[in-house]
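Containing TSV, C-alpha atoms: my_file.tsv.
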```
chain	number	residue	atom	x	y	z
E	1	MET	CA	21.00	-12.97	-0.87
E	2	LYS	CA	18.84	-10.63	1.22
E	3	GLU	CA	16.80	-11.91	4.13
E	4	LYS	CA	13.27	-13.08	3.41
E	5	ILE	CA	10.31	-11.09	4.70
E	6	ASP	CA	7.96	-12.48	7.33
E	7	VAL	CA	4.93	-11.61	5.22
E	8	GLU	CA	2.28	-12.37	7.82
E	9	ALA	CA	4.07	-10.29	10.46
E	10	ARG	CA	4.27	-7.35	8.03
E	11	ALA	CA	0.58	-7.73	7.11
E	12	GLU	CA	-0.37	-7.72	10.79
E	13	LEU	CA	1.87	-4.72	11.47
E	14	ALA	CA	0.23	-2.82	8.60
E	15	ARG	CA	-3.24	-3.70	9.92
E	16	ASN	CA	-2.28	-2.53	13.42
E	17	LEU	CA	-0.81	0.72	12.11
E	18	PHE	CA	-4.08	1.37	10.29
E	19	LYS	CA	-6.10	0.61	13.40
E	20	SER	CA	-3.92	3.02	15.37
E	21	GLY	CA	-4.95	5.88	13.07
E	22	TYR	CA	-2.50	5.93	10.16
E	23	ASN	CA	-4.06	6.03	6.73
E	24	CYS	CA	-4.02	3.04	4.38
E	25	SER	CA	-0.94	4.11	2.40
E	26	GLN	CA	1.05	5.05	5.48
E	27	SER	CA	0.20	1.74	7.11
E	28	VAL	CA	1.58	-0.39	4.28
E	29	PHE	CA	4.67	1.73	3.65
E	30	MET	CA	5.51	2.09	7.34
E	31	ALA	CA	5.19	-1.67	7.85
E	32	TYR	CA	8.26	-2.04	5.62
E	33	ALA	CA	10.16	1.16	6.44
E	34	ASP	CA	12.68	-0.57	8.72
E	35	VAL	CA	13.54	-3.11	6.00
E	36	TYR	CA	14.93	-0.24	3.92
E	37	ASN	CA	16.28	1.86	6.81
E	38	ILE	CA	13.61	4.50	6.28
E	39	ASP	CA	12.73	6.67	9.25
E	40	LYS	CA	9.18	5.93	10.45
E	41	ASP	CA	8.21	9.61	10.58
E	42	PHE	CA	9.58	10.21	7.09
E	43	ALA	CA	7.63	7.21	5.80
E	44	ALA	CA	4.45	8.59	7.39
E	45	ARG	CA	5.00	12.02	5.79
E	46	LEU	CA	5.81	10.58	2.37
E	47	ALA	CA	2.78	8.28	2.21
E	48	ALA	CA	0.28	10.63	3.89
E	49	PRO	CA	-1.14	12.23	0.70
E	50	LEU	CA	-1.93	8.84	-0.85
E	51	GLY	CA	-4.51	7.79	1.75
E	52	GLY	CA	-8.19	7.59	0.86
E	53	GLY	CA	-7.42	6.82	-2.75
E	54	MET	CA	-5.06	9.81	-3.05
E	55	GLY	CA	-6.20	12.57	-0.74
E	56	ARG	CA	-9.70	11.10	-0.40
E	57	LEU	CA	-10.28	11.39	-4.13
E	58	ARG	CA	-11.18	7.68	-3.96
E	59	GLU	CA	-8.97	6.82	-6.91
E	60	VAL	CA	-6.18	4.19	-6.59
E	61	CYS	CA	-6.50	2.55	-3.17
E	62	GLY	CA	-4.01	3.99	-0.70
E	63	ALA	CA	-3.01	0.52	0.48
E	64	VAL	CA	-2.06	-0.32	-3.10
E	65	SER	CA	-0.16	2.96	-3.43
E	66	GLY	CA	1.69	2.10	-0.21
E	67	ALA	CA	2.65	-1.26	-1.68
E	68	PHE	CA	3.95	0.55	-4.77
E	69	LEU	CA	6.13	2.74	-2.54
E	70	VAL	CA	7.55	-0.39	-0.91
E	71	ALA	CA	8.16	-1.93	-4.34
E	72	GLY	CA	10.07	1.20	-5.30
E	73	GLN	CA	12.53	0.43	-2.53
E	74	GLU	CA	13.08	-3.20	-3.52
E	75	PHE	CA	12.97	-2.60	-7.28
E	76	SER	CA	14.49	0.85	-7.43
E	77	ALA	CA	14.70	2.92	-10.57
E	78	GLU	CA	16.40	6.11	-9.43
E	79	ASN	CA	18.64	6.56	-12.49
E	80	PRO	CA	16.56	8.22	-15.24
E	81	LYS	CA	18.70	6.62	-17.95
E	82	ASP	CA	18.34	3.05	-16.62
E	83	ARG	CA	15.53	1.77	-18.83
E	84	GLU	CA	16.00	-1.79	-17.57
E	85	ALA	CA	15.39	-0.72	-13.96
E	86	LYS	CA	12.37	1.39	-14.98
E	87	THR	CA	10.99	-1.53	-16.94
E	88	GLN	CA	11.39	-3.89	-13.99
E	89	ASN	CA	9.89	-1.34	-11.59
E	90	TYR	CA	6.83	-0.80	-13.78
E	91	ALA	CA	6.43	-4.54	-14.36
E	92	VAL	CA	6.42	-5.19	-10.60
E	93	VAL	CA	3.91	-2.38	-10.00
E	94	GLN	CA	1.60	-3.83	-12.64
E	95	GLU	CA	2.03	-7.31	-11.18
E	96	LEU	CA	1.16	-6.06	-7.68
E	97	ALA	CA	-1.89	-4.21	-9.00
E	98	GLU	CA	-3.06	-7.30	-10.86
E	99	GLN	CA	-2.62	-9.53	-7.80
E	100	PHE	CA	-4.50	-7.10	-5.53
E	101	LYS	CA	-7.25	-6.75	-8.15
E	102	LYS	CA	-7.48	-10.53	-8.52
E	103	GLU	CA	-8.04	-10.89	-4.77
E	104	ASN	CA	-10.35	-7.88	-4.30
E	105	GLY	CA	-11.96	-7.09	-7.65
E	106	SER	CA	-10.42	-3.65	-8.09
E	107	ILE	CA	-7.58	-1.33	-7.10
E	108	ILE	CA	-9.90	1.71	-7.09
E	109	CYS	CA	-10.82	2.95	-3.62
E	110	ARG	CA	-14.39	4.02	-4.44
E	111	GLU	CA	-15.11	0.63	-6.04
E	112	LEU	CA	-13.62	-1.28	-3.11
E	113	LEU	CA	-15.78	0.75	-0.73
E	114	GLY	CA	-18.92	0.49	-2.88
E	115	LEU	CA	-19.15	4.27	-3.36
E	116	THR	CA	-20.82	5.76	-6.41
E	117	PRO	CA	-18.67	7.88	-8.74
E	118	ASP	CA	-21.06	10.84	-8.60
E	119	VAL	CA	-20.64	11.32	-4.84
E	120	LYS	CA	-17.86	13.80	-4.12
E	121	GLU	CA	-16.15	13.30	-0.79
E	122	THR	CA	-14.85	16.08	1.36
E	123	HIS	CA	-11.16	16.40	2.13
E	124	VAL	CA	-11.91	15.89	5.83
E	125	PRO	CA	-10.86	12.40	7.00
E	126	SER	CA	-13.43	10.14	8.63
E	127	GLU	CA	-13.46	9.98	12.40
E	128	ARG	CA	-11.80	6.74	13.50
E	129	THR	CA	-14.43	5.18	15.71
E	130	ALA	CA	-15.39	1.58	16.47
E	131	GLU	CA	-18.25	2.04	13.97
E	132	TYR	CA	-15.81	3.21	11.27
E	133	TYR	CA	-13.72	0.06	11.65
E	134	LYS	CA	-16.85	-2.13	11.57
E	135	ARG	CA	-18.18	-0.72	8.31
E	136	ARG	CA	-14.93	-0.16	6.43
E	137	PRO	CA	-12.93	-3.10	5.02
E	138	CYS	CA	-9.78	-0.95	4.79
E	139	ALA	CA	-7.82	-2.73	7.55
E	140	GLU	CA	-8.13	-5.95	5.56
E	141	TYR	CA	-7.12	-4.24	2.30
E	142	VAL	CA	-4.07	-2.85	4.09
E	143	ALA	CA	-3.10	-6.34	5.28
E	144	ILE	CA	-3.64	-7.79	1.80
E	145	ALA	CA	-1.52	-5.09	0.13
E	146	ALA	CA	1.26	-5.63	2.69
E	147	ARG	CA	1.08	-9.38	2.10
E	148	VAL	CA	1.10	-9.08	-1.71
E	149	VAL	CA	4.16	-6.83	-1.78
E	150	GLY	CA	5.96	-8.99	0.78
E	151	GLU	CA	5.36	-12.11	-1.27
E	152	ARG	CA	6.75	-10.35	-4.36
E	153	ILE	CA	9.82	-9.19	-2.44
E	154	ASN	CA	10.42	-12.76	-1.24
E	155	LYS	CA	10.15	-14.02	-4.80
E	156	ASN	CA	12.84	-11.52	-5.77
E	157	ARG	CA	15.05	-12.62	-2.91
E	158	GLU	CA	14.93	-16.36	-3.70
```
Whole structure given in structure tokens:
Amino acid sequence: MKEKIDVEARAELARNLFKSGYNCSQSVFMAYADVYNIDKDFAARLAAPLGGGMGRLREVCGAVSGAFLVAGQEFSAENPKDREAKTQNYAVVQELAEQFKKENGSIICRELLGLTPDVKETHVPSERTAEYYKRRPCAEYVAIAARVVGERINKNRE
């Protein structure tokens, strides 16, 4: 049996990574990188395009996408012929999405941020200022996504 995850410590680590400037997806994935022996810099590169709801498209929340990347490590499906592994992987992803949605009302970045669909955002990331952190709930979403995936991993490891 694999060691259980300290879910609250991982959630806090993810929050701190976000507050240090990493995007939402990077923050969640990097908070678990060491669990799967993934290099921190590689984790940051891999998750970077998923921030801001996938490259600031404001689609699926980057924190949720980061949790999906973590789930892919715990519930791997690397063999294209292993339908059972694919099925389990997809089931876990859907479960994580449902849990995040249950707690937050959506998994869509623009909805979580209260943005209207007709407003097109630029590809330029927001400046990380004290004001940014005050008006954006993203640090909390990052912590929630890290907590949700950690709880699911622990359930698997029981």
Quick one: residues within 8 Å of stretch 91-95 of chain E, only C-alpha atoms, excluding same-chain residues fewer than 6 positions away - as an NGL selection string?
:E and (68 or 71 or 75)
Of the listed residues E:Gly55, E:Ile38, E:Pro137, E:Leu17, that which approaches E:Glu111 most closely, counting all atoms listed in the file
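When distances to E:Glu111 are compared using all atoms listed in the file, the smallest one comes from E:Pro137.
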Using all atoms listed in the file, can you list as JSON, numbers by chain the residues within 10 Å of (-1.0, -7.8, -6.4)?
{"E": [64, 67, 68, 92, 93, 94, 95, 96, 97, 98, 99, 100, 101, 102, 103, 104, 107, 144, 145, 146, 147, 148, 149, 151, 152]}
Which residues, written as an MDAnalysis selection string, have at least one atom at most 12 Å from E:Ala14, with all atoms listed in the file counted and residues fewer than 3 positions away on the same chain left out?
chainID E and resid 7:11 17:33 63 66:67 138:147 149:150
Pick from E:Phe42, E:Tyr90, E:Tyr133, E:Tyr36, whichever lies nearest to E:Ala77 using all atoms listed in the file
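The closest residue to E:Ala77 is E:Tyr90.
The space between atom CA of E:Arg58 and atom CA of E:Cys109 spans 4.8 Å.
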Please determine an axis-aligned box that encloses all atoms of stretch 117-130 of chain E listed in the file, with 4 Å added on each side, and express its centre and edge lengths in Å to one decimal as JSON.
```
{"center_x": -16.0, "center_y": 9.0, "center_z": 3.9, "size_x": 18.2, "size_y": 22.8, "size_z": 33.2}
```
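Here atom CA of E:Asn89 is placed at a distance of 6.8 Å from atom CA of E:Gly72.
The gap separating atom CA of E:Leu112 from atom CA of E:Lys40 is 27.5 Å, in Å to one decimal.
Taking only C-alpha atoms into account, the polymer residues that have an atom no farther than 12 Å from (-10.8, 12.0, 3.7) are Asn23, Cys24, Ala48, Pro49, Leu50, Gly51, Gly52, Gly53, Met54, Gly55, Arg56, Leu57, Arg58, Glu59, Gly62, Cys109, Arg110, Lys120, Glu121, Thr122, His123, Val124, Pro125, Ser126, Glu127 and Arg128 of chain E.
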Give the answer as one residue: which of E:Gly114, E:Gln88, E:Tyr132, E:Asn156 has the shortest atom-to-atom distance to E:Ser76, using only C-alpha atoms?
E:Gln88
